[in-house]
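J.: Structure file input10.txt (compact mmCIF, C-alpha atoms) right here:
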# COMPACT_ATOMS: atom_id res chain seq x y z
CA MET A 1 0.00 0.00 0.00
CA ALA A 2 2.88 2.34 0.87
CA ALA A 3 4.43 1.64 -2.52
CA GLY A 4 1.12 2.42 -4.17
CA VAL A 5 0.80 5.75 -2.38
CA ALA A 6 4.43 6.54 -3.28
CA PHE A 7 3.76 5.84 -6.93
CA ALA A 8 0.59 7.91 -6.97
CA GLY A 9 2.53 10.80 -5.44
CA CYS A 10 5.28 10.31 -8.01
CA LEU A 11 2.81 10.45 -10.89
CA VAL A 12 1.05 13.54 -9.55
CA ALA A 13 4.41 15.23 -8.98
CA ALA A 14 5.57 14.40 -12.49
CA ALA A 15 2.37 15.78 -13.99
CA TRP A 16 2.57 18.90 -11.82
CA TRP A 17 6.20 19.40 -12.78
CA GLY A 18 5.38 19.12 -16.46
CA ARG A 19 2.51 21.58 -16.10
CA ALA A 20 4.44 24.02 -13.94
CA THR A 21 7.35 24.19 -16.34
CA ALA A 22 5.24 24.35 -19.49
CA ASP A 23 5.48 28.13 -19.63
CA ARG A 24 9.24 28.20 -19.18
CA PRO A 25 10.59 26.59 -22.33
CA ARG A 26 14.24 25.61 -22.10
CA VAL A 27 14.53 24.35 -25.64
CA PRO A 28 14.65 27.21 -28.16
CA PRO A 29 11.60 27.23 -30.42
CA ALA A 30 13.76 26.81 -33.52
CA GLN A 31 15.12 23.52 -32.21
CA ARG A 32 11.78 22.04 -31.24
CA LYS A 33 10.37 19.14 -33.14
CA PRO A 34 6.64 19.69 -33.31
CA HIS A 35 6.06 16.17 -34.61
CA SER A 36 7.17 14.72 -31.29
CA GLN A 37 4.93 16.99 -29.28
CA GLN A 38 1.71 16.76 -31.19
CA THR A 39 -0.64 13.85 -31.31
CA GLN A 40 -1.30 12.64 -34.84
CA TRP A 41 -4.87 11.55 -35.39
CA PRO A 42 -5.82 9.50 -37.26
CA PRO A 43 -2.57 7.54 -37.13
CA SER A 44 -0.84 6.81 -40.42
CA ALA A 45 -0.43 3.26 -41.71
CA GLY A 46 3.31 3.58 -41.10
CA ALA A 47 2.73 4.53 -37.48
CA LEU A 48 0.45 1.56 -36.92
CA ALA A 49 2.94 -0.74 -38.65
CA LEU A 50 5.69 0.50 -36.33
CA GLY A 51 3.46 -0.12 -33.30
CA LEU A 52 2.61 -3.59 -34.56
CA GLY A 53 6.27 -4.34 -35.22
CA LEU A 54 7.32 -3.23 -31.74
CA GLY A 55 4.58 -5.32 -30.16
CA VAL A 56 5.81 -8.41 -31.99
CA LEU A 57 9.44 -7.59 -31.22
CA LEU A 58 8.65 -7.39 -27.50
CA LEU A 59 7.22 -10.90 -27.66
CA LEU A 60 10.35 -12.53 -29.07
CA PRO A 61 12.29 -13.02 -25.78
CA GLY A 62 9.21 -14.56 -24.15
CA ALA A 63 8.65 -16.78 -27.19
CA TRP A 64 12.24 -17.96 -26.93
CA LEU A 65 11.69 -18.82 -23.25
CA ALA A 66 8.45 -20.65 -24.08
CA LEU A 67 10.27 -22.72 -26.68
CA HIS A 68 12.67 -23.77 -23.93
CA GLY A 69 10.01 -24.96 -21.53
CA TYR A 70 9.16 -21.83 -19.62
CA PRO A 71 5.51 -22.11 -18.47
CA THR A 72 3.16 -19.39 -19.72
CA GLU A 73 0.27 -17.85 -17.83
CA GLY A 74 -2.15 -18.41 -20.69
CA ALA A 75 -1.36 -22.10 -20.91
CA ARG A 76 -2.23 -22.42 -17.24
CA ALA A 77 -5.41 -20.39 -17.37
CA GLY A 78 -7.07 -21.46 -20.60
CA VAL A 79 -8.73 -19.73 -23.52
CA LEU A 80 -11.89 -18.67 -21.71
CA THR A 81 -10.05 -16.75 -19.01
CA PHE A 82 -7.91 -15.11 -21.66
CA THR A 83 -10.93 -14.09 -23.73
CA ALA A 84 -12.65 -12.65 -20.70
CA TRP A 85 -9.63 -10.62 -19.65
CA ALA A 86 -8.35 -9.51 -23.06
CA PRO A 87 -10.59 -6.41 -23.37
CA ALA A 88 -9.66 -5.29 -19.86
CA ILE A 89 -5.95 -5.74 -20.56
CA THR A 90 -6.25 -3.78 -23.81
CA PHE A 91 -8.18 -1.00 -22.10
CA VAL A 92 -5.65 -0.68 -19.27
CA ALA A 93 -2.72 -0.65 -21.71
CA SER A 94 -4.38 2.03 -23.86
CA SER A 95 -5.18 4.13 -20.80
CA GLU A 96 -1.60 4.06 -19.67
CA GLU A 97 -0.44 5.16 -23.10
CA VAL A 98 -2.94 8.03 -23.24
CA LEU A 99 -1.73 9.23 -19.88
CA LEU A 100 2.01 8.73 -20.26
CA ARG A 101 2.85 8.95 -23.96
CA GLY A 102 -0.20 11.03 -24.88
CA VAL A 103 -0.10 13.70 -22.19
CA LEU A 104 3.09 13.54 -20.16
CA GLN A 105 5.72 12.87 -22.84
CA PRO A 106 4.82 15.71 -25.24
CA ARG A 107 4.54 18.13 -22.35
CA LEU A 108 7.95 17.19 -21.01
CA ALA A 109 9.41 17.21 -24.53
CA ARG A 110 8.21 20.77 -25.02
CA THR A 111 10.04 21.98 -21.92
CA HIS A 112 12.98 19.64 -21.48
CA GLY A 113 13.62 18.02 -24.83
CA ASP A 114 12.77 14.64 -26.28
CA LEU A 115 15.49 12.60 -24.59
CA THR A 116 14.57 13.73 -21.08
CA ALA A 117 10.91 13.23 -21.85
CA ILE A 118 11.36 9.65 -23.07
CA LEU A 119 13.58 8.67 -20.14
CA ALA A 120 11.42 10.36 -17.50
CA VAL A 121 8.20 8.84 -18.82
CA ALA A 122 9.87 5.42 -19.09
CA ALA A 123 10.93 5.77 -15.44
CA VAL A 124 7.37 6.64 -14.42
CA PHE A 125 6.12 3.70 -16.49
CA ALA A 126 8.52 1.35 -14.68
CA LEU A 127 7.76 2.75 -11.21
CA MET A 128 4.02 2.54 -11.67
CA HIS A 129 4.21 -1.21 -12.15
CA ILE A 130 6.09 -1.91 -8.92
CA PRO A 131 2.97 -2.16 -6.73
CA LEU A 132 1.50 -4.74 -9.08
CA TYR A 133 4.56 -6.79 -10.02
CA GLY A 134 7.33 -5.89 -7.58
CA ALA A 135 10.73 -4.26 -8.07
CA VAL A 136 11.88 -7.33 -9.99
CA ALA A 137 9.87 -6.12 -13.01
CA LEU A 138 11.52 -2.68 -13.06
CA PRO A 139 14.38 -3.27 -15.59
CA LEU A 140 12.06 -4.86 -18.14
CA ASP A 141 9.46 -2.13 -17.82
CA LEU A 142 12.12 0.57 -18.07
CA GLY A 143 13.48 -0.87 -21.33
CA THR A 144 9.99 -1.30 -22.73
CA GLY A 145 9.05 2.24 -21.73
CA ILE A 146 12.04 3.60 -23.64
CA LEU A 147 11.09 1.65 -26.76
CA ILE A 148 7.47 2.78 -26.68
CA GLY A 149 8.63 6.35 -26.04
CA VAL A 150 10.80 6.17 -29.17
CA VAL A 151 7.80 4.98 -31.18
CA ARG A 152 5.82 7.97 -29.86
CA LEU A 153 8.66 10.28 -30.90
CA ARG A 154 9.00 8.84 -34.39
CA THR A 155 5.31 8.54 -35.21
CA GLY A 156 3.68 11.25 -33.12
CA SER A 157 0.91 8.74 -32.55
CA VAL A 158 -0.43 7.48 -29.24
CA ALA A 159 -2.45 4.82 -31.07
CA SER A 160 0.74 3.12 -32.28
CA CYS A 161 2.06 3.08 -28.68
CA ALA A 162 -1.20 1.60 -27.42
CA LEU A 163 -1.09 -1.00 -30.19
CA ALA A 164 2.46 -2.07 -29.31
CA HIS A 165 1.62 -2.15 -25.60
CA ALA A 166 -1.58 -4.15 -26.03
CA ILE A 167 0.00 -6.70 -28.39
CA ALA A 168 2.90 -7.21 -26.01
CA ASP A 169 0.57 -7.61 -23.03
CA LEU A 170 -1.80 -10.04 -24.68
CA GLY A 171 0.87 -12.01 -26.50
CA GLU A 172 3.19 -12.33 -23.55
CA TRP A 173 0.38 -13.70 -21.47
CA TRP A 174 -0.80 -16.23 -24.01
CA VAL A 175 1.40 -16.75 -27.05
CA ALA A 176 4.84 -16.46 -25.50
CA MET B 1 15.63 17.83 -30.83
CA MET B 2 17.21 14.42 -31.17
CA SER B 3 19.09 13.44 -34.29
CA ARG B 4 18.11 10.28 -36.13
CA ARG B 5 21.30 8.61 -34.86
CA GLU B 6 20.47 9.48 -31.24
CA VAL B 7 16.99 8.07 -31.63
CA TYR B 8 18.37 4.79 -33.00
CA LEU B 9 20.91 4.57 -30.18
CA LEU B 10 18.20 5.16 -27.59
CA ALA B 11 16.00 2.49 -29.18
CA LEU B 12 18.94 0.09 -29.19
CA ALA B 13 19.58 0.75 -25.49
CA GLY B 14 15.91 0.16 -24.70
CA LEU B 15 15.90 -3.07 -26.69
CA ALA B 16 19.08 -4.34 -25.01
CA LEU B 17 17.64 -3.60 -21.57
CA THR B 18 14.33 -5.27 -22.42
CA VAL B 19 15.87 -8.46 -23.84
CA SER B 20 18.52 -8.86 -21.14
CA ALA B 21 16.02 -8.25 -18.33
CA ARG B 22 13.56 -10.74 -19.80
CA LEU B 23 16.14 -13.47 -20.26
CA ALA B 24 18.04 -12.86 -17.03
CA LEU B 25 14.89 -12.92 -14.88
CA PRO B 26 12.52 -15.25 -16.73
CA LEU B 27 10.28 -15.71 -13.70
CA ALA B 28 9.88 -11.99 -13.15
CA PRO B 29 6.50 -10.83 -14.40
CA PRO B 30 6.63 -10.16 -18.13
CA LEU B 31 5.27 -6.91 -19.40
CA TYR B 32 3.35 -5.03 -18.14
CA ASP B 33 -0.39 -5.31 -17.56
CA SER B 34 -0.99 -8.97 -17.85
CA ILE B 35 -3.49 -10.15 -15.35
CA THR B 36 -2.60 -11.83 -12.12
CA LEU B 37 -4.74 -14.91 -11.98
CA PRO B 38 -6.83 -15.21 -8.83
CA SER B 39 -4.99 -17.63 -6.63
CA ALA B 40 -6.50 -20.75 -5.20
CA PRO B 41 -6.30 -20.96 -1.39
CA TYR B 42 -2.80 -21.74 -0.10
CA ARG B 43 -2.21 -25.43 0.51
CA TRP B 44 -0.68 -25.91 3.93
CA CYS B 45 1.31 -28.75 5.41
CA SER B 46 0.20 -27.56 8.85
CA PRO B 47 -2.80 -25.27 8.38
CA PRO B 48 -3.96 -22.74 10.98
CA SER B 49 -6.85 -24.10 12.99
CA ASP B 50 -9.48 -21.99 11.18
CA LEU B 51 -8.37 -23.34 7.77
CA ALA B 52 -7.87 -26.95 8.79
CA SER B 53 -11.27 -28.13 7.55
CA SER B 54 -10.92 -26.66 4.05
CA ASN B 55 -7.19 -27.20 3.58
CA GLN B 56 -5.86 -29.34 0.74
CA PRO B 57 -2.41 -30.93 0.98
CA PRO B 58 0.37 -29.22 -1.01
CA GLN B 59 1.58 -30.97 -4.16
CA PRO B 60 5.04 -31.85 -5.45
CA GLY B 61 6.57 -31.15 -8.87
CA LYS B 62 9.14 -32.92 -11.00
CA THR B 63 11.00 -32.47 -14.28
CA THR B 64 13.80 -34.10 -16.24
CA LEU B 65 16.57 -32.06 -17.84
CA LYS B 66 18.73 -33.48 -20.62
CA VAL B 67 22.49 -33.33 -20.24
CA ASP B 68 24.77 -32.51 -23.17
CA ASN B 69 28.53 -32.52 -22.71
CA GLY B 70 28.11 -32.60 -18.92
CA SER B 71 25.88 -29.52 -18.90
CA SER B 72 22.12 -29.56 -18.19
CA ALA B 73 19.67 -28.10 -20.69
CA ILE B 74 17.43 -25.14 -19.99
CA GLY B 75 14.13 -26.10 -18.32
CA SER B 76 11.46 -25.29 -15.78
CA LEU B 77 9.45 -27.00 -13.09
CA ASN B 78 6.31 -26.20 -11.17
CA THR B 79 4.39 -27.98 -8.48
CA ALA B 80 0.89 -29.01 -9.54
CA ASP B 81 -0.63 -26.38 -7.21
CA GLN B 82 1.70 -23.63 -8.57
CA GLN B 83 3.06 -22.88 -5.10
CA VAL B 84 6.59 -23.33 -6.43
CA VAL B 85 7.78 -22.47 -9.93
CA ALA B 86 11.45 -22.87 -10.81
CA PHE B 87 13.50 -22.02 -13.88
CA PHE B 88 16.88 -23.59 -14.58
CA PRO B 89 19.17 -21.87 -17.09
CA GLN B 90 21.51 -23.74 -19.43
CA GLY B 91 24.20 -25.52 -17.41
CA ALA B 92 22.52 -25.02 -14.03
CA PHE B 93 23.27 -28.61 -13.02
CA SER B 94 26.26 -30.87 -13.43
CA ALA B 95 26.42 -34.60 -12.70
CA ALA B 96 29.36 -36.76 -13.65
CA GLY B 97 28.46 -39.37 -16.29
CA ALA B 98 24.74 -38.54 -16.33
CA SER B 99 22.69 -38.26 -19.51
CA SER B 100 19.74 -36.61 -17.73
CA ILE B 101 18.93 -35.02 -14.40
CA ASP B 102 15.72 -35.51 -12.45
CA VAL B 103 14.78 -32.42 -10.46
CA SER B 104 12.02 -32.56 -7.87
CA VAL B 105 10.38 -30.13 -5.47
CA THR B 106 8.57 -31.78 -2.57
CA PRO B 107 6.65 -30.12 0.27
CA MET B 108 8.16 -31.20 3.58
CA CYS B 109 5.06 -32.03 5.55
CA ALA B 110 7.12 -34.26 7.81
CA GLY B 111 10.72 -33.76 8.86
CA ALA B 112 11.05 -30.09 7.90
CA PRO B 113 14.21 -28.56 9.36
CA THR B 114 13.68 -26.58 12.55
CA PRO B 115 14.23 -22.84 12.16
CA PRO B 116 16.63 -21.04 14.51
CA SER B 117 15.27 -19.85 17.85
CA HIS B 118 12.98 -16.77 17.69
CA VAL B 119 12.45 -17.41 13.98
CA ALA B 120 9.19 -18.81 12.63
CA LEU B 121 8.65 -20.88 9.52
CA VAL B 122 6.12 -19.17 7.20
CA GLY B 123 4.09 -21.52 5.06
CA ASN B 124 5.62 -24.75 3.82
CA ALA B 125 9.26 -25.77 3.46
CA TYR B 126 10.10 -27.38 0.10
CA ASP B 127 12.86 -29.86 -0.54
CA VAL B 128 14.63 -29.25 -3.85
CA GLU B 129 16.57 -32.29 -5.05
CA ALA B 130 18.45 -33.22 -8.23
CA THR B 131 19.70 -36.66 -9.24
CA GLY B 132 21.69 -37.66 -12.31
CA LYS B 133 20.53 -40.64 -14.40
CA PRO B 134 21.53 -43.35 -14.96
CA GLY B 135 23.04 -44.45 -11.70
CA ASN B 136 21.33 -42.01 -9.33
CA VAL B 137 24.47 -39.90 -9.08
CA PRO B 138 24.10 -36.71 -7.04
CA ALA B 139 23.75 -33.61 -9.20
CA ARG B 140 25.30 -30.32 -8.21
CA LEU B 141 23.70 -26.94 -8.73
CA GLY B 142 26.52 -25.06 -10.40
CA GLY B 143 24.62 -22.12 -11.86
CA GLN B 144 21.87 -20.13 -10.25
CA ALA B 145 18.27 -21.21 -10.64
CA GLN B 146 15.40 -18.80 -10.27
CA MET B 147 12.41 -19.77 -8.16
CA LEU B 148 9.02 -18.40 -7.23
CA LEU B 149 7.88 -19.44 -3.76
CA ARG B 150 4.31 -18.72 -2.79
CA ILE B 151 3.73 -17.23 0.65
CA PRO B 152 0.37 -17.60 2.46
CA ALA B 153 -1.87 -14.55 2.14
CA GLY B 154 -1.99 -12.33 5.21
CA SER B 155 1.33 -13.55 6.62
CA ARG B 156 4.60 -11.73 7.30
CA TYR B 157 8.10 -12.92 6.40
CA SER B 158 11.50 -11.32 6.69
CA THR B 159 13.69 -13.60 4.62
CA ILE B 160 13.90 -16.62 2.35
CA ALA B 161 16.49 -19.23 3.27
CA VAL B 162 17.71 -22.66 2.26
CA PHE B 163 18.66 -25.33 4.79
CA ALA B 164 21.82 -26.97 3.43
CA ASP B 165 24.96 -28.41 5.02
CA GLY B 166 23.21 -28.43 8.42
CA ARG B 167 22.42 -24.71 8.61
CA TRP B 168 20.03 -22.06 7.29
CA GLN B 169 21.54 -19.83 4.60
CA THR B 170 19.85 -16.66 3.46
CA LEU B 171 19.07 -16.41 -0.27
CA THR B 172 18.87 -13.41 -2.56
CA TRP B 173 15.19 -12.63 -3.03
CA SER B 174 12.60 -9.93 -3.59
CA ALA B 175 8.85 -9.85 -3.08
CA GLN B 176 6.79 -10.46 -6.20
CA PRO B 177 3.25 -9.23 -5.54
CA PRO B 178 0.77 -10.29 -4.64
CA ASP B 179 1.93 -13.40 -2.82
CA TYR B 180 5.21 -14.73 -4.21
CA ALA B 181 8.87 -14.32 -3.36
CA ASN B 182 11.22 -14.35 -6.36
CA LEU B 183 14.49 -15.90 -5.25
CA VAL B 184 17.83 -16.97 -6.62
CA LEU B 185 18.47 -20.57 -5.66
CA ALA B 186 22.21 -20.88 -5.31
CA ARG B 187 22.21 -24.33 -3.70
CA LEU B 188 19.97 -27.35 -3.27
CA GLY B 189 18.25 -28.06 0.04
CA GLN B 190 15.08 -27.21 1.92
CA VAL B 191 13.75 -23.80 0.96
CA ALA B 192 11.35 -21.83 3.14
CA ALA B 193 10.20 -18.35 4.08
CA LEU B 194 11.17 -17.33 7.60
CA ASN B 195 10.00 -14.56 9.88
CA GLU B 196 12.34 -13.06 12.41
CA PRO B 197 10.35 -10.60 14.57
CA SER B 198 13.29 -8.22 15.05
CA ARG B 199 13.81 -7.73 11.30
CA HIS B 200 11.79 -5.77 8.76
CA ALA B 201 9.11 -8.06 7.37
CA GLN B 202 7.23 -8.17 4.08
CA ARG B 203 3.52 -8.43 4.53
CA VAL B 204 1.58 -10.46 2.03
CA PRO B 205 -1.81 -8.84 1.45
CA GLY B 206 -4.83 -10.79 2.51
CA PRO B 207 -7.12 -12.36 -0.06
CA GLY B 208 -9.23 -9.89 -2.01
CA PHE B 209 -6.89 -6.91 -1.62
CA ASN B 210 -4.33 -5.83 -4.20
CA ALA B 211 -2.91 -2.31 -4.10
CA GLY B 212 -1.61 -2.67 -7.65
CA VAL B 213 -5.07 -3.33 -9.04
CA ILE B 214 -6.43 -0.28 -7.24
CA ILE B 215 -3.68 1.86 -8.76
CA GLU B 216 -4.33 0.48 -12.24
CA ALA B 217 -8.03 1.24 -11.83
CA ALA B 218 -7.22 4.80 -10.73
CA LEU B 219 -4.98 5.22 -13.78
CA VAL B 220 -7.68 4.03 -16.12
CA LEU B 221 -10.17 6.47 -14.59
CA LEU B 222 -7.64 9.29 -14.87
CA ALA B 223 -6.98 8.46 -18.53
CA ALA B 224 -10.71 8.35 -19.21
CA ALA B 225 -11.12 11.76 -17.55
CA ILE B 226 -8.32 13.18 -19.72
CA ILE B 227 -9.91 11.85 -22.89
CA ILE B 228 -13.31 13.30 -21.95
CA ALA B 229 -11.71 16.64 -21.04
CA ALA B 230 -9.84 16.70 -24.37
CA VAL B 231 -13.02 16.00 -26.32
CA LEU B 232 -14.94 18.72 -24.43
CA ALA B 233 -12.09 21.20 -24.94
CA GLN B 234 -12.02 20.46 -28.66
CA ARG B 235 -15.77 21.01 -28.94
CA ALA B 236 -15.46 24.28 -27.02
CA ARG B 237 -12.75 25.44 -29.47
CA GLN B 238 -14.89 24.53 -32.47
CA LYS B 239 -18.00 26.28 -31.16
CA PRO B 240 -16.82 29.94 -31.48
CA ALA B 241 -15.51 29.21 -35.00
CA SER B 242 -18.87 27.95 -36.19
CA THR B 243 -20.55 30.91 -34.49
CA ARG B 244 -18.29 33.29 -36.47
CA VAL B 245 -19.31 31.65 -39.75
CA ARG B 246 -22.96 32.02 -39.01
CA ARG B 247 -22.60 35.67 -37.97
CA GLY B 248 -20.45 36.46 -40.99
CA PHE B 249 -17.28 37.64 -39.21
CA GLY B 250 -14.22 37.73 -41.49
CA PRO B 251 -14.02 37.92 -45.28
CA SER B 252 -13.47 34.21 -45.87
CA ASP B 253 -16.42 33.39 -43.72
CA ALA B 254 -18.54 35.82 -45.66
CA ARG B 255 -17.58 34.16 -48.94
CA ARG B 256 -18.56 30.79 -47.50
CA ALA B 257 -21.89 32.31 -46.67
CA SER B 258 -24.40 30.27 -44.81
CA PRO B 259 -27.61 29.17 -46.52
CA THR B 260 -29.47 31.81 -44.53
CA ARG B 261 -27.33 34.60 -46.06
CA LYS B 262 -27.70 33.13 -49.56
CA SER B 263 -31.43 32.98 -49.24
CA LYS B 264 -31.46 36.62 -48.10
CA ARG B 265 -29.51 37.69 -51.26
CA ARG B 266 -31.94 35.85 -53.52
CA ARG B 267 -34.76 37.72 -51.94
Could you express the structure from this file as structure tokens?

T.:
Amino acid sequence: MAAGVAFAGCLVAAAWWGRATADRPRVPPAQRKPHSQQTQWPPSAGALALGLGLGVLLLLPGAWLALHGYPTEGARAGVLTFTAWAPAITFVASSEEVLLRGVLQPRLARTHGDLTAILAVAAVFALMHIPLYGAVALPLDLGTGILIGVVRLRTGSVASCALAHAIADLGEWWVA
Amino acid sequence: MMSRREVYLLALAGLALTVSARLALPLAPPLYDSITLPSAPYRWCSPPSDLASSNQPPQPGKTTLKVDNGSSAIGSLNTADQQVVAFFPQGAFSAAGASSIDVSVTPMCAGAPTPPSHVALVGNAYDVEATGKPGNVPARLGGQAQMLLRIPAGSRYSTIAVFADGRWQTLTWSAQPPDYANLVLARLGQVAALNEPSRHAQRVPGPGFNAGVIIEAALVLLAAAIIIAAVLAQRARQKPASTRVRRGFGPSDARRASPTRKSKRRR
């Protein structure tokens, strides 16, 4: 519970920091990359393809483990449980992306640059999963957060991030 | 602004971190928002009195690993009740002259080693054994296996230890919510969670409570609120523009005259 409260405080602080510094741009306007700070809607086919590709890429290590006998959650639970939970998993993944890569990352990018934004949001992404999965999941979530942040930067699309995230979630649980 | 090269380098760093973390800690939760399956009630060797009537006995688990050139293959093992899950990397075991290694995890419902004084055993102790075949030669754990050990809901524990060579030895571990400890098994023996009252203890949440799920739910609600606010803000921005068109403010708006204006001209 303490970890949960700490994370909630962390998230509120990060959002407040981004908002508070929004009017004090440190990156000169000429050097800004509007593409990274604006949400592209509807997403282009290229953006969706990149999201799809990242989702599949994130599954490969788990697939390798599964091929070597590592037990998967989905195999234990069965198709019905998976089907029942899949919409919820997709919704949660999309919500996280809206919040982190849709709101927080462009705001931080505007004031502190793209690199800081990607790393800070990836750190928040990793920290927010500690209450649910423990500190042992932190390195993996940090790496994944960086990758999804890069997709957001390159495509300007939150939908591609949500696609990558949802595919990785669902696939890791069942396929890999 | 990041150059294309910097972006690629950052992506490469993220990918390296993701792959190495996934392969180095295969029993750590994978990404990200996969569900945590509701757990069946803990199976006790010696249940508390209020659970004695409904308790089921804990179950063992067993696997066989092939041996190539004296080195065991990668593999995993779980007890039938999922209270122990173990992962053995390539070369974790060695056994002279063996072509395979039988690995077993057995709950010690009788003959569990006694914990030191002032230290309590939490949940069941599990005996982890490995034997080389043929010939039943003893196998040695040379590498480090990773293991998930389930802890009874609502209990407290301060460490995970293995009883080997006649003494308890503390293992490297971390809590894996909601009710597992993720540990590095450096040697074979009897593994158990222990609680020493004077040390800081992890508390396993009781059944039906999961702080992580509450946080995820709060996040989803927050994201939904942001989406609704964004939609409302967009509508509010569009409203004055459409009002200007109808009232005829601005030359371009006048040229795109509304049907009302056109009808007035005709008259």

J.: Could you check which of B:Gln59, B:Asn182, B:Gln238, B:Gln169 is closest to chain A, using all atoms listed in the file?

T.: B:Asn182

J.: Go through B:Leu188, B:Ala139, B:Met147, B:Leu27 and flag the residue nearest chain A, using all atoms listed in the file for the distances.

T.: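 Ranked by minimum distance to chain A, first place goes to B:Leu27.
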
J.: Just to confirm, what's the straight-line distance from atom CA of B:Val84 to atom CA of B:Ser174 in Å (one decimal)?

T.: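 These two atoms are separated by 15.0 Å.
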
J.: I want to know what sits within 7 Å of B:Leu77, based on all atoms listed in the file, with residues of the same chain fewer than 3 positions away left out; could you give that as a list in words?

T.: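 Returned residues: Gly61, Lys62, Thr63, Val85, Ala86 and Phe87 of chain B.
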
J.: Leaving out B:Arg22 and any residue of its chain fewer than 6 positions from it, which residues lie within 12 Å of it when counting only C-alpha atoms, given as number ranges by chain?

T.: A: 58-66, 70, 136-144, 172, 176; B: 15-16, 28-32

J.: Quick one: write out the picked residues with C-alpha atoms as a tab-separated table (two decimals), keeping the file's coordinate frame?

T.:
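This is the output file result_15.tsv:
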chain	number	residue	atom	x	y	z
A	58	LEU	CA	8.65	-7.39	-27.50
A	59	LEU	CA	7.22	-10.90	-27.66
A	60	LEU	CA	10.35	-12.53	-29.07
A	61	PRO	CA	12.29	-13.02	-25.78
A	62	GLY	CA	9.21	-14.56	-24.15
A	63	ALA	CA	8.65	-16.78	-27.19
A	64	TRP	CA	12.24	-17.96	-26.93
A	65	LEU	CA	11.69	-18.82	-23.25
A	66	ALA	CA	8.45	-20.65	-24.08
A	70	TYR	CA	9.16	-21.83	-19.62
A	136	VAL	CA	11.88	-7.33	-9.99
A	137	ALA	CA	9.87	-6.12	-13.01
A	138	LEU	CA	11.52	-2.68	-13.06
A	139	PRO	CA	14.38	-3.27	-15.59
A	140	LEU	CA	12.06	-4.86	-18.14
A	141	ASP	CA	9.46	-2.13	-17.82
A	142	LEU	CA	12.12	0.57	-18.07
A	143	GLY	CA	13.48	-0.87	-21.33
A	144	THR	CA	9.99	-1.30	-22.73
A	172	GLU	CA	3.19	-12.33	-23.55
A	176	ALA	CA	4.84	-16.46	-25.50
B	15	LEU	CA	15.90	-3.07	-26.69
B	16	ALA	CA	19.08	-4.34	-25.01
B	28	ALA	CA	9.88	-11.99	-13.15
B	29	PRO	CA	6.50	-10.83	-14.40
B	30	PRO	CA	6.63	-10.16	-18.13
B	31	LEU	CA	5.27	-6.91	-19.40
B	32	TYR	CA	3.35	-5.03	-18.14

J.: Pick from B:Pro60, B:Pro197, B:Pro89, B:Gly123: nearest to chain A, with all atoms listed in the file counted?

T.: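 Of B:Pro60, B:Pro197, B:Pro89, B:Gly123, the one nearest chain A is B:Pro89, counting all atoms listed in the file.
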
J.: A:Thr116, A:Pro131, A:Leu108, A:Val124: which is nearest chain B, counting all atoms listed in the file?

T.: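 Of all the options, A:Pro131 lies closest to chain B.
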
J.: Select, counting all atoms listed in the file, all protein, DNA and RNA residues no farther than 6 Å from (18.6, -25.5, -20.7) in file coordinates, and express the selection as a short mmCIF file (atom, residue, chain, number, x, y, z; two decimals) with C-alpha atoms, keeping the file's coordinate frame.

T.:
data_model
loop_
_atom_site.label_atom_id
_atom_site.label_comp_id
_atom_site.auth_asym_id
_atom_site.auth_seq_id
_atom_site.Cartn_x
_atom_site.Cartn_y
_atom_site.Cartn_z
CA SER B 72 22.12 -29.56 -18.19
CA ALA B 73 19.67 -28.10 -20.69
CA ILE B 74 17.43 -25.14 -19.99
CA GLY B 75 14.13 -26.10 -18.32
CA PRO B 89 19.17 -21.87 -17.09
CA GLN B 90 21.51 -23.74 -19.43
#

J.: One decimal, in Å: what's the spacing between atom CA of B:Gly154 and atom CA of B:Ser54?

T.: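 Here the two named atoms are 16.9 Å from each other.
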
J.: Of the residues A:Ala109, A:Val121, A:Ala166, A:Leu147, which is the one nearest to chain B, using all atoms listed in the file?

T.: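 When distances to chain B are compared using all atoms listed in the file, the smallest one comes from A:Leu147.
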
J.: Separation of atom CA of B:Gln176 and atom CA of B:Ala11, in Å?

T.: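 Going from atom CA of B:Gln176 over to atom CA of B:Ala11, I get 27.9 Å.
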
J.: So that I can check the surroundings of B:Asp165, please list as JSON, numbers by chain every protein, DNA and RNA residue that reaches within 12 Å of it, counting only C-alpha atoms and ignoring chain neighbours fewer than 5 positions away.

T.: {"B": [113, 187, 188, 189, 190]}

J.: Please provide as a tab-separated table (two decimals) with C-alpha atoms, keeping the file's coordinate frame all residues within 9 Å of B:Thr159, with the sequence filter that same-chain residues fewer than 6 positions apart are discarded (counting only C-alpha atoms).

T.:
chain	number	residue	atom	x	y	z
B	170	THR	CA	19.85	-16.66	3.46
B	171	LEU	CA	19.07	-16.41	-0.27
B	172	THR	CA	18.87	-13.41	-2.56
B	173	TRP	CA	15.19	-12.63	-3.03
B	192	ALA	CA	11.35	-21.83	3.14
B	193	ALA	CA	10.20	-18.35	4.08
B	194	LEU	CA	11.17	-17.33	7.60
B	195	ASN	CA	10.00	-14.56	9.88
B	196	GLU	CA	12.34	-13.06	12.41
B	199	ARG	CA	13.81	-7.73	11.30
B	201	ALA	CA	9.11	-8.06	7.37
B	202	GLN	CA	7.23	-8.17	4.08

J.: Can you sort out the box for stretch 182-193 of chain B, edges along x, y and z, all listed atoms in, 8 Å on every side, with centre and edge lengths in Å to one decimal, as AutoDock Vina command-line options?

T.:
--center_x 16.2 --center_y -21.2 --center_z -1.3 --size_x 28.0 --size_y 29.7 --size_z 26.7

J.: Nearest residue to A:Ile148 out of B:Thr18, B:Lys133, B:Leu23, B:Gln146, using all atoms listed in the file?

T.: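 With all atoms listed in the file as the atom set, the closest residue is B:Thr18.
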